[in-house]
$ cat my_file.txt   # compact mmCIF, C-alpha atoms
# COMPACT_ATOMS: atom_id res chain seq x y z
CA MET Z 415 37.78 7.67 -7.87
CA ARG Z 416 36.02 4.33 -8.34
CA PRO Z 417 32.44 4.41 -9.59
CA PRO Z 418 29.77 3.24 -7.12
CA ILE Z 419 28.89 -0.43 -7.25
CA ALA Z 420 25.25 -1.27 -8.02
CA PHE Z 421 24.04 -4.27 -6.03
CA SER Z 422 21.13 -6.47 -6.96
CA ARG Z 423 18.75 -7.38 -4.13
CA LEU Z 424 20.39 -10.79 -3.90
CA GLY Z 425 23.82 -9.22 -3.96
CA TYR Z 426 22.89 -6.81 -1.21
CA ALA Z 427 21.56 -9.66 0.90
CA TYR Z 428 24.86 -11.49 0.32
CA VAL Z 429 26.82 -8.48 1.57
CA LEU Z 430 24.70 -8.29 4.72
CA ALA Z 431 25.10 -12.02 5.31
CA SER Z 432 28.88 -11.70 4.87
CA CYS Z 433 28.95 -8.90 7.43
CA VAL Z 434 27.03 -11.01 9.91
CA LEU Z 435 29.42 -13.91 9.40
CA LEU Z 436 32.40 -11.62 9.97
CA LEU Z 437 30.89 -10.16 13.12
CA THR Z 438 30.00 -13.59 14.53
CA GLY Z 439 33.25 -15.24 13.58
CA GLY Z 440 31.59 -17.28 10.85
CA CYS Z 441 29.54 -19.32 13.31
CA ALA Z 442 25.95 -20.09 12.44
CA THR Z 443 23.38 -20.54 15.21
CA VAL Z 444 19.77 -21.66 15.12
CA GLN Z 445 17.44 -18.94 16.40
CA THR Z 446 13.74 -18.93 17.12
CA ASP Z 447 11.59 -16.61 15.02
CA PRO Z 448 11.13 -13.33 16.95
CA LEU Z 449 8.10 -12.53 14.76
CA SER Z 450 6.33 -15.88 15.08
CA ALA Z 451 2.82 -14.34 15.08
CA TRP Z 452 3.48 -12.90 11.60
CA ASN Z 453 2.85 -14.91 8.46
CA ASP Z 454 5.88 -15.32 6.22
CA GLY Z 455 5.59 -13.02 3.24
CA LYS Z 456 6.34 -9.60 1.80
CA VAL Z 457 5.40 -7.55 4.89
CA LYS Z 458 7.43 -9.61 7.34
CA GLN Z 459 10.39 -9.60 4.95
CA GLU Z 460 10.24 -5.81 4.62
CA ILE Z 461 10.48 -5.45 8.39
CA VAL Z 462 13.36 -7.90 8.74
CA SER Z 463 15.20 -6.38 5.78
CA PHE Z 464 14.87 -2.87 7.20
CA VAL Z 465 16.23 -3.93 10.59
CA ALA Z 466 19.14 -5.76 8.93
CA LYS Z 467 20.05 -2.72 6.84
CA VAL Z 468 20.15 -0.24 9.73
CA THR Z 469 21.81 -2.51 12.31
CA THR Z 470 24.56 -4.25 10.30
CA GLN Z 471 27.76 -2.27 10.78
CA CYS Z 472 29.18 -2.74 7.29
CA SER Z 473 25.86 -1.90 5.67
CA PRO Z 474 25.82 1.44 3.79
CA ASP Z 475 22.51 2.15 5.59
CA TYR Z 476 23.87 1.49 9.10
CA VAL Z 477 22.32 3.70 11.80
CA PRO Z 478 24.12 4.20 15.14
CA VAL Z 479 22.22 2.93 18.19
CA PRO Z 480 21.36 6.39 19.63
CA GLU Z 481 19.59 7.28 16.38
CA ARG Z 482 17.47 4.14 16.24
CA ILE Z 483 14.17 5.69 17.30
CA ALA Z 484 10.83 4.00 16.60
CA THR Z 485 7.44 5.56 17.37
CA PHE Z 486 4.17 3.66 17.75
CA ASP Z 487 0.64 4.97 17.79
CA ASN Z 488 -1.43 3.19 20.45
CA ASP Z 489 -5.15 3.03 19.61
CA GLY Z 490 -5.65 0.65 16.70
CA THR Z 491 -1.90 0.07 16.34
CA LEU Z 492 -0.82 -1.57 19.59
CA TRP Z 493 -4.25 -2.35 21.02
CA ALA Z 494 -7.79 -2.36 19.66
CA GLU Z 495 -9.93 0.78 19.31
CA GLN Z 496 -13.42 -0.58 18.63
CA PRO Z 497 -16.28 -0.21 19.40
CA MET Z 498 -14.77 3.12 20.48
CA TYR Z 499 -11.48 4.40 21.90
CA PHE Z 500 -10.89 2.66 25.21
CA GLN Z 501 -10.10 5.90 27.02
CA LEU Z 502 -13.50 7.21 25.97
CA ILE Z 503 -15.12 4.07 27.42
CA PHE Z 504 -13.17 4.78 30.62
CA ALA Z 505 -14.54 8.34 30.62
CA LEU Z 506 -18.12 7.11 30.13
CA ASP Z 507 -17.69 4.75 33.08
CA ARG Z 508 -16.42 7.67 35.13
CA VAL Z 509 -19.55 9.67 34.25
CA LYS Z 510 -21.70 6.90 35.74
CA ALA Z 511 -19.51 6.72 38.85
CA LEU Z 512 -19.63 10.51 39.38
CA ALA Z 513 -23.33 10.98 38.55
CA PRO Z 514 -24.57 10.84 42.20
CA GLN Z 515 -22.42 13.92 42.91
CA HIS Z 516 -23.92 15.83 39.96
CA PRO Z 517 -27.73 15.82 39.97
CA GLU Z 518 -27.62 18.66 37.41
CA TRP Z 519 -26.37 16.19 34.78
CA LYS Z 520 -29.90 14.81 34.38
CA ASP Z 521 -30.75 17.88 32.33
CA LYS Z 522 -27.34 18.74 30.88
CA GLU Z 523 -25.87 17.34 27.68
CA PRO Z 524 -23.88 15.30 26.87
CA PHE Z 525 -24.27 13.82 30.35
CA ALA Z 526 -28.08 13.48 30.24
CA SER Z 527 -27.89 11.20 27.21
CA LEU Z 528 -25.07 9.14 28.73
CA LEU Z 529 -27.04 8.54 31.91
CA LYS Z 530 -29.94 7.29 29.76
CA GLY Z 531 -27.61 4.87 27.99
CA ASP Z 532 -27.70 6.85 24.74
CA VAL Z 533 -24.01 6.98 23.92
CA LYS Z 534 -24.62 7.80 20.26
CA GLY Z 535 -26.79 10.77 21.23
CA ALA Z 536 -24.20 12.01 23.70
CA LEU Z 537 -21.45 11.87 21.08
CA ALA Z 538 -23.59 13.62 18.49
CA GLY Z 539 -22.07 16.82 19.77
CA GLY Z 540 -18.80 15.76 18.15
CA GLU Z 541 -15.38 16.80 19.41
CA LYS Z 542 -16.82 19.45 21.72
CA ALA Z 543 -18.91 16.86 23.57
CA ILE Z 544 -15.99 14.43 23.82
CA VAL Z 545 -13.68 17.13 25.21
CA GLU Z 546 -16.28 18.12 27.80
CA ILE Z 547 -16.68 14.50 28.90
CA LEU Z 548 -12.92 13.99 29.15
CA LEU Z 549 -12.24 17.21 31.03
CA THR Z 550 -15.05 16.57 33.48
CA THR Z 551 -13.96 13.01 34.26
CA HIS Z 552 -10.17 13.42 34.12
CA THR Z 553 -9.62 16.55 36.23
CA GLY Z 554 -10.35 18.01 39.66
CA MET Z 555 -7.93 15.62 41.36
CA THR Z 556 -4.21 15.01 41.75
CA ASN Z 557 -2.18 13.01 39.26
CA ALA Z 558 -1.70 10.31 41.90
CA GLU Z 559 -5.45 10.02 42.43
CA PHE Z 560 -6.09 9.81 38.70
CA GLU Z 561 -3.41 7.14 38.28
CA ALA Z 562 -5.03 5.01 40.99
CA ILE Z 563 -8.41 5.24 39.21
CA VAL Z 564 -6.86 4.22 35.88
CA ARG Z 565 -5.01 1.28 37.43
CA GLU Z 566 -8.20 -0.04 39.01
CA TRP Z 567 -10.14 0.36 35.76
CA VAL Z 568 -7.65 -1.51 33.56
CA ALA Z 569 -7.40 -4.26 36.18
CA THR Z 570 -11.14 -4.90 36.34
CA THR Z 571 -12.98 -3.73 33.20
CA LYS Z 572 -13.54 -6.03 30.22
CA HIS Z 573 -14.16 -5.54 26.52
CA PRO Z 574 -17.88 -5.86 25.62
CA ARG Z 575 -17.32 -8.24 22.69
CA PHE Z 576 -14.35 -10.36 23.71
CA GLY Z 577 -14.87 -10.45 27.48
CA GLU Z 578 -11.17 -9.81 28.12
CA LEU Z 579 -9.48 -7.04 30.09
CA TYR Z 580 -8.71 -4.05 27.89
CA THR Z 581 -5.01 -4.57 28.54
CA SER Z 582 -5.41 -8.04 27.00
CA MET Z 583 -6.71 -6.45 23.79
CA VAL Z 584 -3.16 -5.84 22.58
CA TYR Z 585 -1.91 -7.19 19.28
CA GLN Z 586 0.50 -10.08 19.70
CA PRO Z 587 2.32 -9.36 16.39
CA MET Z 588 2.93 -5.75 17.45
CA LEU Z 589 4.18 -6.83 20.88
CA GLU Z 590 6.68 -9.05 19.06
CA LEU Z 591 7.65 -6.19 16.76
CA VAL Z 592 8.29 -3.80 19.67
CA ALA Z 593 10.45 -6.44 21.38
CA TYR Z 594 12.25 -7.26 18.12
CA LEU Z 595 13.20 -3.63 17.58
CA ARG Z 596 14.40 -3.22 21.16
CA ALA Z 597 16.51 -6.37 20.80
CA ASN Z 598 18.15 -4.67 17.82
CA GLY Z 599 19.10 -1.48 19.63
CA PHE Z 600 15.97 0.60 19.02
CA LYS Z 601 14.43 2.87 21.61
CA THR Z 602 10.67 2.49 21.31
CA TYR Z 603 8.19 5.29 22.06
CA ILE Z 604 4.42 5.47 22.15
CA VAL Z 605 3.13 8.60 20.37
CA SER Z 606 -0.63 8.67 20.78
CA ALA Z 607 -3.59 11.02 20.75
CA GLY Z 608 -4.62 9.27 23.95
CA GLY Z 609 -4.04 10.91 27.32
CA ILE Z 610 -0.46 10.63 28.50
CA GLU Z 611 -1.51 10.10 32.13
CA PHE Z 612 -4.08 7.50 31.06
CA MET Z 613 -1.39 5.40 29.33
CA ARG Z 614 1.59 5.78 31.65
CA PRO Z 615 0.23 3.66 34.54
CA TRP Z 616 0.24 0.46 32.44
CA THR Z 617 2.39 0.80 29.27
CA GLU Z 618 5.57 -0.53 30.90
CA ARG Z 619 3.82 -3.67 32.16
CA ILE Z 620 2.00 -4.34 28.88
CA TYR Z 621 4.42 -3.09 26.20
CA GLY Z 622 7.71 -2.74 28.04
CA VAL Z 623 7.60 1.00 27.27
CA PRO Z 624 8.40 3.06 30.40
CA PRO Z 625 6.42 6.22 31.30
CA GLU Z 626 9.16 8.56 30.13
CA GLN Z 627 8.86 7.09 26.61
CA VAL Z 628 5.14 7.84 26.30
CA VAL Z 629 4.09 10.95 24.35
CA GLY Z 630 0.40 11.80 24.42
CA SER Z 631 -2.26 14.46 24.79
CA SER Z 632 -2.30 16.23 28.13
CA ILE Z 633 -4.27 18.57 30.34
CA LYS Z 634 -2.77 21.38 32.38
CA THR Z 635 -1.51 20.64 35.86
CA ARG Z 636 -0.57 22.89 38.77
CA PHE Z 637 1.91 22.27 41.57
CA GLU Z 638 0.36 22.55 45.03
CA MET Z 639 1.28 21.75 48.63
CA ARG Z 640 -1.58 19.75 50.13
CA ASP Z 641 -1.40 18.79 53.81
CA GLY Z 642 2.34 19.28 53.65
CA ARG Z 643 2.72 17.09 50.58
CA PRO Z 644 3.74 18.25 47.09
CA GLU Z 645 1.13 17.34 44.50
CA LEU Z 646 0.29 17.99 40.86
CA PHE Z 647 -3.37 19.00 40.56
CA ARG Z 648 -5.21 18.35 37.31
CA LEU Z 649 -6.97 21.40 35.84
CA PRO Z 650 -9.95 21.35 33.42
CA GLU Z 651 -7.90 22.83 30.57
CA ILE Z 652 -6.34 21.22 27.50
CA ASN Z 653 -2.56 21.53 27.41
CA PHE Z 654 -1.56 19.65 24.22
CA ILE Z 655 -3.30 17.49 21.60
CA ASP Z 656 -0.92 14.84 20.31
CA ASP Z 657 -2.77 13.99 17.12
CA LYS Z 658 -2.29 14.55 13.38
CA ALA Z 659 0.09 17.52 12.90
CA GLY Z 660 0.59 17.55 16.67
CA LYS Z 661 2.47 14.25 16.58
CA PRO Z 662 5.65 15.56 14.86
CA VAL Z 663 5.53 18.52 17.26
CA GLY Z 664 5.28 16.18 20.23
CA ILE Z 665 8.07 13.96 18.90
CA ASN Z 666 10.36 16.95 18.49
CA GLU Z 667 9.50 18.38 21.89
CA PHE Z 668 9.62 15.22 24.00
CA ILE Z 669 12.01 12.93 22.09
CA GLY Z 670 14.33 15.39 20.34
CA ARG Z 671 15.27 13.01 17.52
CA ARG Z 672 13.47 12.23 14.28
CA PRO Z 673 12.40 8.56 14.20
CA ILE Z 674 13.66 6.20 11.54
CA ALA Z 675 10.57 3.98 11.91
CA ALA Z 676 6.95 4.87 12.62
CA PHE Z 677 3.87 2.70 13.04
CA GLY Z 678 0.24 3.80 12.86
CA ASN Z 679 -3.20 2.80 11.63
CA SER Z 680 -5.23 5.92 10.86
CA ASP Z 681 -5.29 9.39 9.38
CA GLY Z 682 -4.27 10.67 12.79
CA ASP Z 683 -0.85 9.11 12.13
CA LEU Z 684 -0.35 10.58 8.66
CA GLU Z 685 1.90 13.47 9.67
CA MET Z 686 3.99 11.25 11.97
CA LEU Z 687 4.60 8.85 9.08
CA GLN Z 688 5.48 11.74 6.76
CA TRP Z 689 7.83 13.28 9.33
CA THR Z 690 9.58 9.95 9.80
CA THR Z 691 9.92 8.68 6.25
CA MET Z 692 10.27 11.77 4.08
CA SER Z 693 13.65 12.82 5.44
CA GLY Z 694 16.20 10.86 3.41
CA GLY Z 695 17.97 7.63 4.19
CA VAL Z 696 16.43 4.24 4.87
CA ARG Z 697 13.16 4.64 6.77
CA LEU Z 698 10.24 2.37 7.62
CA GLY Z 699 6.64 3.56 7.67
CA LEU Z 700 4.04 0.93 8.52
CA ILE Z 701 0.24 1.05 8.66
CA VAL Z 702 -1.89 -1.55 10.41
CA HIS Z 703 -4.97 -2.12 8.21
CA HIS Z 704 -7.95 -3.61 10.03
CA THR Z 705 -9.20 -6.23 7.58
CA ASP Z 706 -10.28 -9.12 9.83
CA ALA Z 707 -13.92 -8.91 10.93
CA GLU Z 708 -13.85 -12.44 12.32
CA ARG Z 709 -10.84 -12.23 14.64
CA GLU Z 710 -11.03 -8.46 15.30
CA TYR Z 711 -12.78 -5.78 13.18
CA ALA Z 712 -12.78 -4.71 9.54
CA TYR Z 713 -12.87 -0.96 8.85
CA ASP Z 714 -10.96 1.88 7.19
CA ARG Z 715 -12.43 4.81 5.26
CA ASN Z 716 -15.91 4.87 6.79
CA THR Z 717 -15.61 4.60 10.55
CA GLU Z 718 -16.03 7.02 13.42
CA PHE Z 719 -13.04 5.70 15.31
CA GLY Z 720 -9.71 5.01 13.58
CA LYS Z 721 -10.56 6.35 10.13
CA LEU Z 722 -7.97 5.29 7.54
CA ASP Z 723 -8.48 7.25 4.34
CA GLN Z 724 -5.83 9.83 3.43
CA ALA Z 725 -3.07 7.81 5.07
CA LEU Z 726 -4.04 4.72 3.08
CA ASP Z 727 -3.75 6.66 -0.16
CA ALA Z 728 -0.45 8.17 1.01
CA ALA Z 729 0.91 4.69 1.76
CA ALA Z 730 0.83 3.78 -1.92
CA VAL Z 731 2.54 7.03 -2.93
CA ASN Z 732 5.23 6.88 -0.24
CA LYS Z 733 5.72 3.10 -0.39
CA TRP Z 734 4.82 2.54 3.23
CA THR Z 735 4.29 -1.02 4.39
CA VAL Z 736 0.60 -1.84 4.81
CA VAL Z 737 -0.22 -4.75 7.12
CA SER Z 738 -3.39 -6.69 6.43
CA MET Z 739 -4.49 -8.19 9.74
CA LYS Z 740 -6.29 -10.98 7.91
CA ASP Z 741 -3.42 -11.92 5.59
CA ASP Z 742 -0.26 -11.00 7.50
CA TRP Z 743 -0.99 -12.02 11.09
CA LYS Z 744 -1.20 -15.66 12.22
CA ARG Z 745 -2.68 -14.53 15.50
CA ILE Z 746 -4.11 -11.19 16.55
CA PHE Z 747 -4.56 -11.48 20.33
CA ALA Z 748 -2.58 -13.67 22.70
CA PHE Z 749 -5.81 -15.12 24.11
CA GLN Z 750 -7.01 -16.40 20.70
$ encode --input "my_file.txt" --output "structure tokens"
Amino acid sequence: MRPPIAFSRLGYAYVLASCVLLLTGGCATVQTDPLSAWNDGKVKQEIVSFVAKVTTQCSPDYVPVPERIATFDNDGTLWAEQPMYFQLIFALDRVKALAPQHPEWKDKEPFASLLKGDVKGALAGGEKAIVEILLTTHTGMTNAEFEAIVREWVATTKHPRFGELYTSMVYQPMLELVAYLRANGFKTYIVSAGGIEFMRPWTERIYGVPPEQVVGSSIKTRFEMRDGRPELFRLPEINFIDDKAGKPVGINEFIGRRPIAAFGNSDGDLEMLQWTTMSGGVRLGLIVHHTDAEREYAYDRNTEFGKLDQALDAAAVNKWTVVSMKDDWKRIFAFQ
């Protein structure tokens, strides 16, 4: 039995290039850069190298197309999450819209503070207050009714700092990355702590990710016949929280395959990155680090929304790719 051959990095690249030449009949073609919003450098090269390894048939790290699964967090990874999660802003807008129907809210927290414009005071109640706001504003209607409300909101509401629709607050480099992976045989999923029914009405239009490839937190629903029509009615009860340790559970339950690439930006993505990368074989774990206060925001360990602390430390240990918005992205938003 022959001993294994040890390749240098240059030698390995030569093997991959030879494979490509064999598969293309030795013809070279000029191609545009699919990651044009990324600066050339170590991070971009790590992405391209990973894709080459798992998609080149004569590569020892080749991964068959059905197993090429990539999962993306949404808030802070695909679109912005400051000054607070966009779904929470949506919920606060819904409180204002529903207030005339609930005169009791004037004396009931967290709604009383919200109606006075004191968002910080309303959220002082922590997770309990946020859950109460979300359940109150996201339930008591059919799924179809909720979808219509979400569609109208994303079509008309603008970010307070940038003055752009929230669906324009998506990261151009990440849009390119999603498209680049799909072009190389990957199936791309969103795996987010955000509400699954909040994201599904617009993810296909914005990201090219269809509703059935969105995994998120959910509330309980009940089938009902209403005026002779079958409907799903939204109940004020939490069904599943797709965050932190819940993300690998959601991936297993809704996708059924372990990803070979995962992309996040906060401690809420730590377990998804561990589940993806600590399983043997060639894997890619990538963290978007918000380092650009001028073009977007700069934050990590000390922020209320999108805290990046444990996952940043874990990135160094597990050799995950860390993207610096300031250094690695030529452009952050398409409108810039």
$ closest_atom_pairs --input "my_file.txt" --of "segment 517-635 of chain Z" --to "segment 499-502 of chain Z" --cutoff "12 Å" --atoms "all atoms listed in the file" --output "Markdown table"
| residue | atom | partner | partner_atom | distance |
| --- | --- | --- | --- | --- |
| Z:Val533 | CA | Z:Leu502 | CA | 10.7 |
| Z:Ala536 | CA | Z:Leu502 | CA | 11.9 |
| Z:Leu537 | CA | Z:Leu502 | CA | 10.4 |
| Z:Glu541 | CA | Z:Leu502 | CA | 11.8 |
| Z:Ala543 | CA | Z:Leu502 | CA | 11.3 |
| Z:Ile544 | CA | Z:Leu502 | CA | 7.9 |
| Z:Val545 | CA | Z:Leu502 | CA | 10.0 |
| Z:Glu546 | CA | Z:Leu502 | CA | 11.4 |
| Z:Ile547 | CA | Z:Leu502 | CA | 8.5 |
| Z:Leu548 | CA | Z:Leu502 | CA | 7.5 |
| Z:Leu549 | CA | Z:Leu502 | CA | 11.3 |
| Z:Thr551 | CA | Z:Leu502 | CA | 10.1 |
| Z:His552 | CA | Z:Gln501 | CA | 10.3 |
| Z:Val564 | CA | Z:Gln501 | CA | 9.6 |
| Z:Trp567 | CA | Z:Gln501 | CA | 10.3 |
| Z:Val568 | CA | Z:Phe500 | CA | 9.9 |
| Z:Thr571 | CA | Z:Phe500 | CA | 10.4 |
| Z:Lys572 | CA | Z:Phe500 | CA | 10.4 |
| Z:His573 | CA | Z:Phe500 | CA | 8.9 |
| Z:Pro574 | CA | Z:Phe500 | CA | 11.0 |
| Z:Leu579 | CA | Z:Phe500 | CA | 10.9 |
| Z:Tyr580 | CA | Z:Phe500 | CA | 7.5 |
| Z:Thr581 | CA | Z:Phe500 | CA | 9.9 |
| Z:Met583 | CA | Z:Phe500 | CA | 10.1 |
| Z:Val584 | CA | Z:Phe500 | CA | 11.8 |
| Z:Ser606 | CA | Z:Gln501 | CA | 11.7 |
| Z:Ala607 | CA | Z:Tyr499 | CA | 10.4 |
| Z:Gly608 | CA | Z:Gln501 | CA | 7.1 |
| Z:Gly609 | CA | Z:Gln501 | CA | 7.9 |
| Z:Ile610 | CA | Z:Gln501 | CA | 10.8 |
| Z:Glu611 | CA | Z:Gln501 | CA | 10.8 |
| Z:Phe612 | CA | Z:Gln501 | CA | 7.4 |
| Z:Met613 | CA | Z:Gln501 | CA | 9.0 |
| Z:Ser631 | CA | Z:Gln501 | CA | 11.8 |
$ closest_residue --input "my_file.txt" --among "Z:Pro662, Z:Thr556, Z:Leu492, Z:Arg482" --to "Glu638 of chain Z" --atoms "all atoms listed in the file"
Z:Thr556
$ closest_residue --input "my_file.txt" --among "Z:Lys601, Z:Ser632, Z:Gly720, Z:Phe747" --to "Glu495 of chain Z" --atoms "only C-alpha atoms"
Z:Gly720
$ closest_residue --input "my_file.txt" --among "Z:Ala593, Z:Ala569, Z:Ala511, Z:Met686" --to "Gly660 of chain Z" --atoms "all atoms listed in the file"
Z:Met686
$ atom_distance --input "my_file.txt" --atom1 "atom CA of Glu590 of chain Z" --atom2 "atom CA of Arg697 of chain Z"
19.5 Å
$ atom_distance --input "my_file.txt" --atom1 "atom CA of His516 of chain Z" --atom2 "atom CA of Leu646 of chain Z"
24.3 Å
$ closest_residue --input "my_file.txt" --among "Z:Val605, Z:Thr550, Z:Val457, Z:Pro517" --to "Pro650 of chain Z" --atoms "only C-alpha atoms"
Z:Thr550
$ closest_residue --input "my_file.txt" --among "Z:Ile674, Z:Val663, Z:Ala730, Z:Leu528" --to "Val479 of chain Z" --atoms "only C-alpha atoms"
Z:Ile674
$ residues_around --input "my_file.txt" --residues "Thr735 of chain Z" --least-positions-apart "4" --cutoff "9 Å" --atoms "only C-alpha atoms" --output "number ranges by chain"
Z: 457, 460-461, 698-702, 729-730
$ closest_residue --input "my_file.txt" --among "Z:Asn716, Z:Thr635, Z:Asn598, Z:Thr570" --to "Ala558 of chain Z" --atoms "only C-alpha atoms"
Z:Thr635
$ residues_near_point --input "my_file.txt" --point "(-0.3, 1.2, 9.8)" --cutoff "10 Å" --atoms "all atoms listed in the file" --output "short mmCIF file (atom, residue, chain, number, x, y, z; two decimals) with C-alpha atoms, in the coordinates of the input"
data_model
loop_
_atom_site.label_atom_id
_atom_site.label_comp_id
_atom_site.auth_asym_id
_atom_site.auth_seq_id
_atom_site.Cartn_x
_atom_site.Cartn_y
_atom_site.Cartn_z
CA PHE Z 486 4.17 3.66 17.75
CA ASP Z 487 0.64 4.97 17.79
CA GLY Z 490 -5.65 0.65 16.70
CA THR Z 491 -1.90 0.07 16.34
CA ALA Z 676 6.95 4.87 12.62
CA PHE Z 677 3.87 2.70 13.04
CA GLY Z 678 0.24 3.80 12.86
CA ASN Z 679 -3.20 2.80 11.63
CA SER Z 680 -5.23 5.92 10.86
CA ASP Z 681 -5.29 9.39 9.38
CA ASP Z 683 -0.85 9.11 12.13
CA LEU Z 684 -0.35 10.58 8.66
CA LEU Z 687 4.60 8.85 9.08
CA GLY Z 699 6.64 3.56 7.67
CA LEU Z 700 4.04 0.93 8.52
CA ILE Z 701 0.24 1.05 8.66
CA VAL Z 702 -1.89 -1.55 10.41
CA HIS Z 703 -4.97 -2.12 8.21
CA HIS Z 704 -7.95 -3.61 10.03
CA LEU Z 722 -7.97 5.29 7.54
CA ALA Z 725 -3.07 7.81 5.07
CA LEU Z 726 -4.04 4.72 3.08
CA ALA Z 729 0.91 4.69 1.76
CA TRP Z 734 4.82 2.54 3.23
CA THR Z 735 4.29 -1.02 4.39
CA VAL Z 736 0.60 -1.84 4.81
CA VAL Z 737 -0.22 -4.75 7.12
CA SER Z 738 -3.39 -6.69 6.43
#
$ atom_distance --input "my_file.txt" --atom1 "atom CA of Asp521 of chain Z" --atom2 "atom CA of Glu651 of chain Z"
23.4 Å
$ residues_near_point --input "my_file.txt" --point "(20.7, 8.7, 20.9)" --cutoff "10 Å" --atoms "only C-alpha atoms" --output "VMD selection string"
chain Z and resid 478 to 483 600 to 601 669 to 671
$ axis_aligned_box --input "my_file.txt" --around "segment 471-487 of chain Z" --padding-each-side "8 Å" --output "lines of an AutoDock Vina configuration file"
center_x = 14.9
center_y = 2.3
center_z = 11.7
size_x = 44.5
size_y = 26.0
size_z = 31.8
$ residues_around --input "my_file.txt" --residues "Ser693 of chain Z" --least-positions-apart "3" --cutoff "10 Å" --atoms "only C-alpha atoms" --output "CSV table (one decimal) with C-alpha atoms, in the coordinates of the input"
chain,number,residue,atom,x,y,z
Z,672,ARG,CA,13.5,12.2,14.3
Z,673,PRO,CA,12.4,8.6,14.2
Z,674,ILE,CA,13.7,6.2,11.5
Z,688,GLN,CA,5.5,11.7,6.8
Z,689,TRP,CA,7.8,13.3,9.3
Z,690,THR,CA,9.6,10.0,9.8
Z,696,VAL,CA,16.4,4.2,4.9
Z,697,ARG,CA,13.2,4.6,6.8
$ residues_around --input "my_file.txt" --residues "Ala597 of chain Z" --least-positions-apart "5" --cutoff "12 Å" --atoms "only C-alpha atoms" --output "list in words"
Pro448, Val465, Thr469, Val479, Arg482, Glu590, Leu591, Val592, Thr602 and Gly622 of chain Z
$ build_atoms --input "my_file.txt" --residues "segment 525-536 of chain Z" --atoms "N, CA, C and O atoms" --output "CSV table (one decimal), keeping the file's coordinate frame"
chain,number,residue,atom,x,y,z
Z,525,PHE,N,-24.1,14.7,29.2
Z,525,PHE,CA,-24.3,13.8,30.4
Z,525,PHE,C,-25.7,13.2,30.5
Z,525,PHE,O,-25.8,12.0,30.8
Z,526,ALA,N,-26.7,14.0,30.1
Z,526,ALA,CA,-28.1,13.5,30.2
Z,526,ALA,C,-28.3,12.3,29.3
Z,526,ALA,O,-28.9,11.2,29.8
Z,527,SER,N,-27.8,12.3,28.1
Z,527,SER,CA,-27.9,11.2,27.2
Z,527,SER,C,-27.1,10.0,27.7
Z,527,SER,O,-27.6,8.8,27.6
Z,528,LEU,N,-25.9,10.2,28.2
Z,528,LEU,CA,-25.1,9.1,28.7
Z,528,LEU,C,-25.8,8.4,29.9
Z,528,LEU,O,-25.8,7.2,29.9
Z,529,LEU,N,-26.4,9.1,30.8
Z,529,LEU,CA,-27.0,8.5,31.9
Z,529,LEU,C,-28.3,7.8,31.5
Z,529,LEU,O,-28.7,6.9,32.2
Z,530,LYS,N,-28.8,8.0,30.3
Z,530,LYS,CA,-29.9,7.3,29.8
Z,530,LYS,C,-29.5,6.1,28.9
Z,530,LYS,O,-30.3,5.4,28.4
Z,531,GLY,N,-28.2,6.0,28.8
Z,531,GLY,CA,-27.6,4.9,28.0
Z,531,GLY,C,-27.5,5.2,26.5
Z,531,GLY,O,-27.2,4.3,25.7
Z,532,ASP,N,-27.7,6.4,26.1
Z,532,ASP,CA,-27.7,6.8,24.7
Z,532,ASP,C,-26.3,7.4,24.4
Z,532,ASP,O,-26.1,8.6,24.3
Z,533,VAL,N,-25.4,6.5,24.2
Z,533,VAL,CA,-24.0,7.0,23.9
Z,533,VAL,C,-23.9,7.7,22.6
Z,533,VAL,O,-23.3,8.7,22.5
Z,534,LYS,N,-24.6,7.2,21.6
Z,534,LYS,CA,-24.6,7.8,20.3
Z,534,LYS,C,-25.2,9.2,20.3
Z,534,LYS,O,-24.6,10.1,19.7
Z,535,GLY,N,-26.2,9.4,21.1
Z,535,GLY,CA,-26.8,10.8,21.2
Z,535,GLY,C,-25.8,11.7,21.9
Z,535,GLY,O,-25.7,12.9,21.6
Z,536,ALA,N,-25.1,11.2,23.0
Z,536,ALA,CA,-24.2,12.0,23.7
Z,536,ALA,C,-23.0,12.4,22.8
Z,536,ALA,O,-22.6,13.6,22.9
